[in-house]
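Note: the block below is entry35.csv and it holds CSV, C-alpha atoms.
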chain,number,residue,atom,x,y,z
E,1,MET,CA,43.4,-37.7,-46.9
E,2,ASN,CA,41.9,-35.0,-49.1
E,3,PRO,CA,44.4,-32.1,-49.1
E,4,ARG,CA,41.5,-29.6,-49.6
E,5,ARG,CA,39.6,-30.9,-46.7
E,6,GLU,CA,42.7,-30.8,-44.5
E,7,ASP,CA,43.3,-27.2,-45.5
E,8,MET,CA,39.7,-26.4,-44.6
E,9,ARG,CA,40.2,-28.0,-41.2
E,10,GLN,CA,43.3,-26.0,-40.6
E,11,GLN,CA,41.6,-22.8,-41.6
E,12,MET,CA,38.7,-23.5,-39.2
E,13,PHE,CA,41.1,-24.3,-36.4
E,14,VAL,CA,42.8,-21.0,-36.9
E,15,LEU,CA,39.5,-19.2,-37.0
E,16,ALA,CA,38.4,-20.9,-33.8
E,17,VAL,CA,41.6,-20.0,-32.0
E,18,LEU,CA,41.3,-16.3,-33.1
E,19,LEU,CA,37.7,-16.1,-32.1
E,20,ASN,CA,38.6,-17.6,-28.7
E,21,MET,CA,41.2,-14.9,-28.3
E,22,PHE,CA,38.5,-12.4,-29.2
E,23,VAL,CA,36.1,-13.8,-26.6
E,24,LEU,CA,38.7,-13.8,-23.8
E,25,SER,CA,39.9,-10.3,-24.6
E,26,THR,CA,36.4,-8.9,-24.4
E,27,ALA,CA,35.3,-10.9,-21.3
E,28,ASP,CA,36.7,-8.4,-18.9
E,29,ASN,CA,33.6,-6.2,-18.2
E,30,ASP,CA,32.9,-5.7,-21.9
E,31,THR,CA,29.6,-7.3,-22.9
E,32,VAL,CA,29.6,-8.8,-26.4
E,33,TYR,CA,26.5,-10.4,-28.0
E,34,SER,CA,28.1,-12.5,-30.7
E,35,GLY,CA,31.0,-12.9,-33.1
E,36,LEU,CA,31.2,-14.3,-36.6
E,37,LEU,CA,33.8,-16.6,-38.1
E,38,THR,CA,33.9,-15.0,-41.6
E,39,PRO,CA,37.5,-14.3,-42.8
E,40,GLY,CA,36.9,-10.5,-42.8
E,41,CYS,CA,35.6,-10.5,-39.2
E,42,VAL,CA,38.5,-12.7,-37.9
E,43,GLN,CA,41.0,-10.3,-39.5
E,44,HIS,CA,39.3,-7.4,-37.6
E,45,TYR,CA,39.4,-9.4,-34.3
E,46,HIS,CA,43.1,-10.4,-34.8
E,47,ARG,CA,44.1,-6.8,-35.6
E,48,ILE,CA,42.1,-5.2,-32.8
E,49,TYR,CA,42.7,-7.7,-30.0
E,50,VAL,CA,45.9,-9.6,-30.9
E,51,THR,CA,48.2,-7.3,-32.8
E,52,LYS,CA,46.4,-4.1,-31.6
E,53,GLN,CA,47.3,-2.4,-34.8
E,54,VAL,CA,45.5,0.9,-35.6
E,55,PRO,CA,45.3,1.7,-39.3
E,56,ALA,CA,46.3,5.2,-40.2
E,57,ARG,CA,43.2,7.4,-40.8
E,58,ASN,CA,43.1,8.2,-44.5
E,59,TYR,CA,39.7,10.0,-44.6
E,60,MET,CA,38.3,13.2,-43.2
E,61,TYR,CA,35.7,13.4,-40.4
E,62,TYR,CA,32.5,15.2,-41.1
E,63,HIS,CA,33.5,18.3,-39.1
E,64,GLU,CA,36.8,18.5,-41.1
E,65,VAL,CA,34.9,18.6,-44.3
E,66,LEU,CA,32.9,21.4,-42.9
E,67,ALA,CA,36.1,23.4,-42.2
E,68,GLY,CA,36.1,26.6,-44.1
E,69,GLN,CA,32.3,26.5,-44.4
E,70,GLN,CA,29.7,27.5,-42.0
E,71,LEU,CA,29.3,25.0,-39.2
E,72,GLU,CA,25.8,23.7,-38.3
E,73,SER,CA,25.4,26.1,-35.4
E,74,ASP,CA,25.9,29.0,-37.8
E,75,VAL,CA,23.4,27.7,-40.4
E,76,ILE,CA,20.6,27.2,-37.8
E,77,LYS,CA,19.5,30.8,-38.2
E,78,SER,CA,18.4,30.2,-41.8
E,79,VAL,CA,16.9,26.8,-41.2
E,80,ASP,CA,13.2,26.3,-41.8
E,81,PHE,CA,11.9,25.1,-38.4
E,82,ARG,CA,9.1,22.7,-38.9
E,83,TRP,CA,7.5,20.1,-36.7
E,84,ARG,CA,10.2,17.7,-35.3
E,85,ILE,CA,11.7,14.8,-37.2
E,86,VAL,CA,8.2,13.5,-37.2
E,87,GLY,CA,7.1,15.6,-40.2
E,88,GLY,CA,10.2,17.8,-40.1
E,89,THR,CA,12.6,19.0,-42.7
E,90,LYS,CA,13.7,16.5,-45.3
E,91,ILE,CA,17.5,16.5,-46.0
E,92,PRO,CA,19.8,14.7,-48.4
E,93,ILE,CA,22.2,12.1,-46.9
E,94,GLU,CA,25.0,14.4,-47.9
E,95,ASP,CA,23.9,16.8,-45.1
E,96,ALA,CA,24.2,14.0,-42.5
E,97,PRO,CA,26.6,11.4,-44.1
E,98,TYR,CA,27.3,9.9,-40.7
E,99,GLN,CA,23.7,8.8,-40.4
E,100,VAL,CA,23.1,5.0,-40.8
E,101,LEU,CA,20.5,2.5,-39.9
E,102,HIS,CA,21.1,-0.3,-37.4
E,103,GLY,CA,18.8,-2.9,-38.9
E,104,LYS,CA,15.9,-1.1,-40.5
E,105,TYR,CA,14.2,0.2,-37.3
E,106,CYS,CA,16.9,2.1,-35.4
E,107,GLY,CA,19.3,4.9,-36.2
E,108,ALA,CA,23.0,4.9,-35.6
E,109,ALA,CA,26.2,6.9,-36.3
E,110,LEU,CA,29.3,6.0,-38.3
E,111,ILE,CA,32.4,6.7,-36.2
E,112,ALA,CA,34.9,4.8,-38.4
E,113,PRO,CA,34.5,2.9,-41.7
E,114,GLU,CA,34.0,-0.4,-39.8
E,115,TRP,CA,32.5,0.9,-36.5
E,116,VAL,CA,29.0,2.2,-35.7
E,117,ILE,CA,27.5,3.4,-32.5
E,118,THR,CA,23.8,3.1,-31.6
E,119,ALA,CA,21.7,2.7,-28.5
E,120,ALA,CA,21.9,-0.5,-26.3
E,121,HIS,CA,18.1,-0.8,-26.4
E,122,CYS,CA,18.2,-1.3,-30.2
E,123,ASN,CA,18.1,-5.0,-31.1
E,124,PRO,CA,21.5,-6.6,-30.4
E,125,LYS,CA,20.6,-9.4,-32.8
E,126,GLU,CA,20.5,-7.3,-36.0
E,127,THR,CA,22.6,-8.7,-38.8
E,128,HIS,CA,23.2,-5.6,-40.9
E,129,VAL,CA,23.9,-1.9,-40.8
E,130,TYR,CA,22.5,0.1,-43.8
E,131,ALA,CA,24.1,3.2,-45.2
E,132,GLY,CA,24.7,5.5,-48.2
E,133,SER,CA,21.3,6.9,-49.3
E,134,THR,CA,18.8,9.5,-48.4
E,135,HIS,CA,16.1,6.9,-49.0
E,136,ARG,CA,15.8,4.3,-46.3
E,137,SER,CA,14.7,1.8,-49.0
E,138,LYS,CA,17.9,2.3,-51.1
E,139,THR,CA,20.5,2.0,-48.4
E,140,LYS,CA,23.1,-0.7,-48.8
E,141,GLY,CA,23.5,-3.4,-46.2
E,142,TYR,CA,26.8,-4.2,-44.4
E,143,LEU,CA,27.2,-7.4,-42.4
E,144,ILE,CA,27.7,-7.1,-38.7
E,145,CYS,CA,30.5,-9.0,-37.0
E,146,ALA,CA,29.7,-8.3,-33.4
E,147,HIS,CA,27.6,-6.2,-31.1
E,148,PHE,CA,29.2,-4.7,-27.9
E,149,LEU,CA,26.7,-3.6,-25.3
E,150,HIS,CA,28.0,-1.3,-22.5
E,151,PRO,CA,28.8,-3.6,-19.5
E,152,LEU,CA,26.6,-1.5,-17.2
E,153,TRP,CA,23.5,-1.5,-19.5
E,154,ASN,CA,20.5,-2.8,-17.5
E,155,ILE,CA,22.7,-3.5,-14.5
E,156,THR,CA,21.7,-0.1,-13.0
E,157,SER,CA,18.1,-0.4,-14.1
E,158,LYS,CA,17.0,0.3,-10.5
E,159,ILE,CA,18.4,3.8,-10.9
E,160,HIS,CA,17.2,4.3,-14.5
E,161,SER,CA,16.0,1.8,-17.1
E,162,HIS,CA,18.0,3.6,-19.9
E,163,ASP,CA,21.2,4.3,-18.1
E,164,PHE,CA,24.4,3.4,-20.1
E,165,ASP,CA,22.3,3.2,-23.3
E,166,TYR,CA,25.3,2.5,-25.6
E,167,GLN,CA,26.1,-0.2,-28.2
E,168,LEU,CA,29.1,-0.5,-30.5
E,169,VAL,CA,28.8,-2.5,-33.8
E,170,LEU,CA,31.8,-3.9,-35.7
E,171,LEU,CA,31.3,-4.5,-39.5
E,172,GLU,CA,32.8,-7.2,-41.6
E,173,THR,CA,33.3,-4.8,-44.5
E,174,PRO,CA,34.2,-1.1,-44.0
E,175,ILE,CA,31.7,1.3,-45.4
E,176,PRO,CA,33.3,3.4,-48.2
E,177,VAL,CA,34.0,7.0,-47.2
E,178,ASN,CA,32.5,9.5,-49.6
E,179,SER,CA,29.9,12.3,-49.6
E,180,PHE,CA,27.1,9.8,-48.9
E,181,SER,CA,28.8,8.0,-45.9
E,182,ARG,CA,31.4,9.7,-43.7
E,183,PRO,CA,32.5,9.0,-40.1
E,184,ILE,CA,31.8,11.7,-37.5
E,185,ALA,CA,34.2,12.6,-34.7
E,186,ILE,CA,33.1,12.5,-31.1
E,187,GLY,CA,32.7,15.8,-29.2
E,188,THR,CA,33.5,16.5,-25.6
E,189,VAL,CA,31.5,16.6,-22.4
E,190,ALA,CA,32.0,20.4,-22.4
E,191,ASP,CA,30.0,20.6,-25.7
E,192,ILE,CA,26.9,19.6,-23.9
E,193,GLN,CA,25.7,22.9,-22.5
E,194,PRO,CA,22.2,24.3,-21.9
E,195,GLY,CA,21.0,26.4,-24.9
E,196,VAL,CA,23.4,24.8,-27.4
E,197,MET,CA,21.5,23.9,-30.6
E,198,VAL,CA,21.9,20.3,-31.8
E,199,SER,CA,20.7,18.5,-34.9
E,200,ILE,CA,18.9,15.2,-34.7
E,201,SER,CA,18.3,13.1,-37.8
E,202,GLY,CA,16.5,9.9,-38.7
E,203,TRP,CA,13.9,8.0,-40.7
E,204,GLY,CA,11.5,7.6,-37.7
E,205,HIS,CA,7.8,7.8,-37.4
E,206,LEU,CA,5.7,11.0,-38.0
E,207,ALA,CA,3.5,10.5,-34.9
E,208,TYR,CA,3.7,8.3,-31.8
E,209,LYS,CA,2.1,4.9,-32.6
E,210,LYS,CA,0.2,6.4,-35.5
E,211,SER,CA,2.6,6.2,-38.3
E,212,LYS,CA,5.5,4.2,-39.8
E,213,MET,CA,9.2,4.5,-40.6
E,214,GLN,CA,9.8,7.2,-43.3
E,215,ASP,CA,11.7,6.6,-46.5
E,216,LEU,CA,13.3,10.1,-46.7
E,217,LEU,CA,15.8,11.3,-44.1
E,218,GLN,CA,14.6,14.1,-41.9
E,219,ARG,CA,16.3,16.5,-39.4
E,220,ILE,CA,15.4,18.9,-36.7
E,221,TYR,CA,17.4,21.4,-34.6
E,222,VAL,CA,16.5,21.7,-30.9
E,223,PRO,CA,18.3,23.3,-27.8
E,224,ILE,CA,19.9,21.3,-25.0
E,225,ILE,CA,17.9,21.7,-21.7
E,226,GLY,CA,19.8,22.1,-18.5
E,227,SER,CA,19.8,19.0,-16.3
E,228,ASP,CA,18.3,20.9,-13.3
E,229,VAL,CA,15.4,22.0,-15.5
E,230,CYS,CA,14.9,18.5,-16.9
E,231,LYS,CA,15.1,16.8,-13.5
E,232,ALA,CA,12.4,19.1,-12.2
E,233,ILE,CA,9.8,17.8,-14.7
E,234,ALA,CA,7.0,16.0,-13.0
E,235,HIS,CA,7.8,12.5,-14.2
E,236,GLU,CA,10.0,9.8,-12.6
E,237,SER,CA,12.0,9.2,-15.8
E,238,TYR,CA,13.2,12.8,-15.7
E,239,ASN,CA,13.7,12.9,-11.9
E,240,ALA,CA,16.2,10.0,-12.1
E,241,LEU,CA,18.4,11.3,-14.9
E,242,THR,CA,22.0,10.2,-14.6
E,243,PRO,CA,25.3,11.9,-15.9
E,244,ARG,CA,25.0,9.6,-19.0
E,245,MET,CA,21.9,11.5,-20.1
E,246,PHE,CA,20.9,14.9,-21.3
E,247,CYS,CA,17.7,16.5,-22.4
E,248,ALA,CA,17.0,18.5,-25.6
E,249,GLY,CA,13.9,19.9,-27.2
E,250,TYR,CA,11.2,22.5,-26.6
E,251,ILE,CA,9.1,22.5,-23.4
E,252,ASP,CA,6.0,23.2,-25.6
E,253,GLY,CA,6.6,20.0,-27.5
E,254,SER,CA,6.9,21.5,-30.9
E,255,LYS,CA,9.9,19.4,-32.0
E,256,ASP,CA,11.2,16.0,-31.0
E,257,SER,CA,12.5,12.7,-32.1
E,258,CYS,CA,10.2,9.7,-32.2
E,259,GLN,CA,9.9,5.9,-32.7
E,260,GLY,CA,12.5,4.6,-35.2
E,261,ASP,CA,14.9,7.4,-34.4
E,262,SER,CA,16.4,5.5,-31.4
E,263,GLY,CA,20.1,5.2,-31.5
E,264,GLY,CA,20.4,8.0,-34.0
E,265,PRO,CA,23.0,10.8,-33.9
E,266,VAL,CA,22.7,14.1,-31.9
E,267,VAL,CA,25.3,16.5,-33.4
E,268,ALA,CA,26.7,19.8,-32.3
E,269,ASN,CA,29.2,21.8,-34.4
E,270,GLY,CA,29.8,18.8,-36.7
E,271,LYS,CA,30.6,16.4,-33.9
E,272,LEU,CA,28.7,13.6,-32.2
E,273,ILE,CA,27.6,14.3,-28.7
E,274,GLY,CA,24.5,12.1,-28.2
E,275,LEU,CA,22.3,9.2,-29.3
E,276,VAL,CA,18.5,9.2,-29.2
E,277,SER,CA,17.6,7.2,-26.1
E,278,PHE,CA,14.0,7.7,-24.9
E,279,GLY,CA,11.1,10.0,-24.5
E,280,ILE,CA,7.6,10.1,-23.2
E,281,GLY,CA,5.5,9.9,-26.3
E,282,CYS,CA,6.7,12.1,-29.2
E,283,ALA,CA,6.7,15.9,-29.0
E,284,THR,CA,4.6,15.9,-25.9
E,285,PRO,CA,4.5,19.2,-24.0
E,286,ASN,CA,6.7,19.3,-20.9
E,287,LYS,CA,8.3,15.9,-22.0
E,288,PRO,CA,11.5,16.6,-24.0
E,289,GLY,CA,13.6,13.9,-25.5
E,290,VAL,CA,16.4,12.3,-23.5
E,291,TYR,CA,19.7,11.4,-25.2
E,292,ALA,CA,22.7,9.2,-24.2
E,293,ASN,CA,25.8,11.3,-23.5
E,294,VAL,CA,28.4,9.8,-25.9
E,295,PRO,CA,31.6,11.8,-24.9
E,296,TYR,CA,31.0,10.5,-21.3
E,297,VAL,CA,32.0,7.0,-22.4
E,298,ARG,CA,34.9,7.9,-24.7
E,299,GLN,CA,37.3,5.6,-22.8
E,300,TRP,CA,35.0,2.6,-23.2
E,301,ILE,CA,34.7,3.3,-26.9
E,302,ARG,CA,38.5,3.5,-27.2
E,303,LYS,CA,38.9,0.3,-25.3
E,304,ILE,CA,36.5,-1.7,-27.5
E,305,THR,CA,37.5,-0.2,-30.9
E,306,GLY,CA,41.2,0.6,-30.4
E,307,LEU,CA,40.5,3.9,-32.2
E,308,PRO,CA,42.6,7.0,-31.3
E,309,LEU,CA,39.5,9.0,-30.4
So that I can check it, write out the structure of this file as structure tokens.
Amino acid sequence: MNPRREDMRQQMFVLAVLLNMFVLSTADNDTVYSGLLTPGCVQHYHRIYVTKQVPARNYMYYHEVLAGQQLESDVIKSVDFRWRIVGGTKIPIEDAPYQVLHGKYCGAALIAPEWVITAAHCNPKETHVYAGSTHRSKTKGYLICAHFLHPLWNITSKIHSHDFDYQLVLLETPIPVNSFSRPIAIGTVADIQPGVMVSISGWGHLAYKKSKMQDLLQRIYVPIIGSDVCKAIAHESYNALTPRMFCAGYIDGSKDSCQGDSGGPVVANGKLIGLVSFGIGCATPNKPGVYANVPYVRQWIRKITGLPL
């Protein structure tokens, strides 16, 4: 028998066993779309689900880098407020290093070198996450090992079609941490208060169904709108908002996120509190954007990633 062929068979057997462990360990109410059998992915699966080892964090979160500097909320007063992300203020990736792309048509946030969070409604069959550049066209691709959709995504669609709009993505190769790509910590539910100014970034369209994805990263600042105010808006999508959602924007429609920004980060005081989920058009008067409440599902994120969040 060919020794090399036998070694390959043994390696494939080990890979299959580890992947089976991975599938079994995620079967309990944790929806997973797919898993890859590359050596790097199997190492991640084995560490997370078998040995349950958590590597020591040897990098700084975005808000820690901002320590000693003015936080976002303090800078807002001097920001040039223009029209939404769709035609808004262009920024370098260094100003939002946690911003990545899930595929080329959805935003996402880097929460650890090998973990990304985005919206569940973003394509769970994408093969790469892209990061590290202000220019969408110059971002570097990182292979995706697996997509984890929240187990209640779509199950509660009778209540609201965008409830539990969360998706975690495991990467084969960790994204290097530097000034162009840096994980962001998750905030708390208490951070989501009416009137709090949040930043939303992305490479999305400039106008609803009249534009295309942009090459330069853009950002807006908008205030969180109280749930009572948002639920009172005359539209069924707002009337049925759940605790997994919050509204942000201006009632006059002057600033908003748009197509292609889905899954992108909503940030307050340097921490992630939301993901772009849905809206009625883009920057439509009396139709503010609705965002997935990330801190609300902290325990689910901990369970999937094993991260000490």
At what distance in Å, to one decimal, does atom CA of Thr118 of chain E lie from atom CA of Ser262 of chain E? 7.8 Å
Once you count all atoms listed in the file, what closest atom pair and distance in Å to one decimal does each residue of segment 32-70 of chain E within 9 Å of segment 268-280 of chain E have, with rows by chain and rising residue number, as JSON lines?
{"residue": "E:Tyr61", "atom": "CA", "partner": "E:Lys271", "partner_atom": "CA", "distance": 8.8}
{"residue": "E:Tyr62", "atom": "CA", "partner": "E:Gly270", "partner_atom": "CA", "distance": 6.3}
{"residue": "E:His63", "atom": "CA", "partner": "E:Gly270", "partner_atom": "CA", "distance": 4.4}
{"residue": "E:Glu64", "atom": "CA", "partner": "E:Gly270", "partner_atom": "CA", "distance": 8.3}
{"residue": "E:Leu66", "atom": "CA", "partner": "E:Gly270", "partner_atom": "CA", "distance": 7.4}
Taking into account all atoms listed in the file, which residue in the set E:Val116, E:Val297, E:Ala240, E:Val198 is nearest to Asp165 of chain E? E:Val297
Write out as an mmCIF file with C-alpha atoms, keeping the file's coordinate frame the residues lying within 7 Å of Gln167 of chain E, counting all atoms listed in the file and excluding same-chain residues fewer than 2 positions away.
data_model
loop_
_atom_site.group_PDB
_atom_site.id
_atom_site.type_symbol
_atom_site.label_atom_id
_atom_site.label_comp_id
_atom_site.auth_asym_id
_atom_site.auth_seq_id
_atom_site.Cartn_x
_atom_site.Cartn_y
_atom_site.Cartn_z
ATOM 1 C CA ILE E 117 27.500 3.400 -32.500
ATOM 2 C CA THR E 118 23.800 3.100 -31.600
ATOM 3 C CA ALA E 119 21.700 2.700 -28.500
ATOM 4 C CA ALA E 120 21.900 -0.500 -26.300
ATOM 5 C CA HIS E 147 27.600 -6.200 -31.100
ATOM 6 C CA PHE E 148 29.200 -4.700 -27.900
ATOM 7 C CA LEU E 149 26.700 -3.600 -25.300
ATOM 8 C CA HIS E 150 28.000 -1.300 -22.500
ATOM 9 C CA VAL E 169 28.800 -2.500 -33.800
#
Kindly provide, as a tab-separated table (two decimals) with C-alpha atoms, in the frame of the given file, the polymer residues lying within 7 Å of (22.2, 28.8, -22.8), counting all atoms listed in the file and using the coordinates exactly as they appear in the file.
chain	number	residue	atom	x	y	z
E	193	GLN	CA	25.70	22.90	-22.50
E	194	PRO	CA	22.20	24.30	-21.90
E	195	GLY	CA	21.00	26.40	-24.90
E	196	VAL	CA	23.40	24.80	-27.40
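By chain and then residue number, the residues within 12 Å of Pro243 of chain E are Ile159, His160, His162, Asp163, Phe164, Asp165, Val189, Ile192, Gly226, Ser227, Asp228, Lys231, Cys247, Val290, Tyr291, Ala292, Asn293, Val294, Pro295, Tyr296 and Val297 of chain E, counting all atoms listed in the file and disregarding those fewer than 4 positions away in sequence.
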For atom CA of Pro176 of chain E and atom CA of Met60 of chain E, the interatomic separation in Å (one decimal): 12.1 Å
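What separates atom CA of Ile200 of chain E from atom CA of Arg219 of chain E is a distance of 5.5 Å.
Distance annotation: of E:Ala112, E:Gly264, E:Leu309, E:Ala56, the residue with the minimal separation from Ile184 of chain E is E:Ala112; atom set is only C-alpha atoms.
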Of E:Asn154, E:Met197, E:Tyr166, E:Leu217, the one sitting nearest Thr139 of chain E when using only C-alpha atoms is E:Leu217
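Across E:Asn239, E:Thr127, E:Ser161, E:Ser199, the tightest approach to Ile224 of chain E is made by E:Ser199 when counting all atoms listed in the file.
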May I have the protein, DNA and RNA residues with any atom at most 7 Å from the point (15.3, -2.5, -31.1), counting all atoms listed in the file, written as a PyMOL selection string? chain E and resi 105-106+121-123
Would you give me, as a Markdown table, each residue of segment 161-232 of chain E having an atom within 9 Å of an atom of segment 30-54 of chain E, along with its shortest atom pair and that distance in Å to one decimal, using all atoms listed in the file and sorting by chain and residue number?
| residue | atom | partner | partner_atom | distance |
| --- | --- | --- | --- | --- |
| E:Leu170 | CA | E:Cys41 | CA | 8.4 |
| E:Leu171 | CA | E:Cys41 | CA | 7.4 |
| E:Glu172 | CA | E:Cys41 | CA | 4.9 |
| E:Thr173 | CA | E:Gly40 | CA | 7.0 |
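When all atoms listed in the file are used to compute distances to Ile93 of chain E, the closest of the residues E:Tyr250, E:Trp203, E:Phe180, E:Tyr130 turns out to be E:Phe180.
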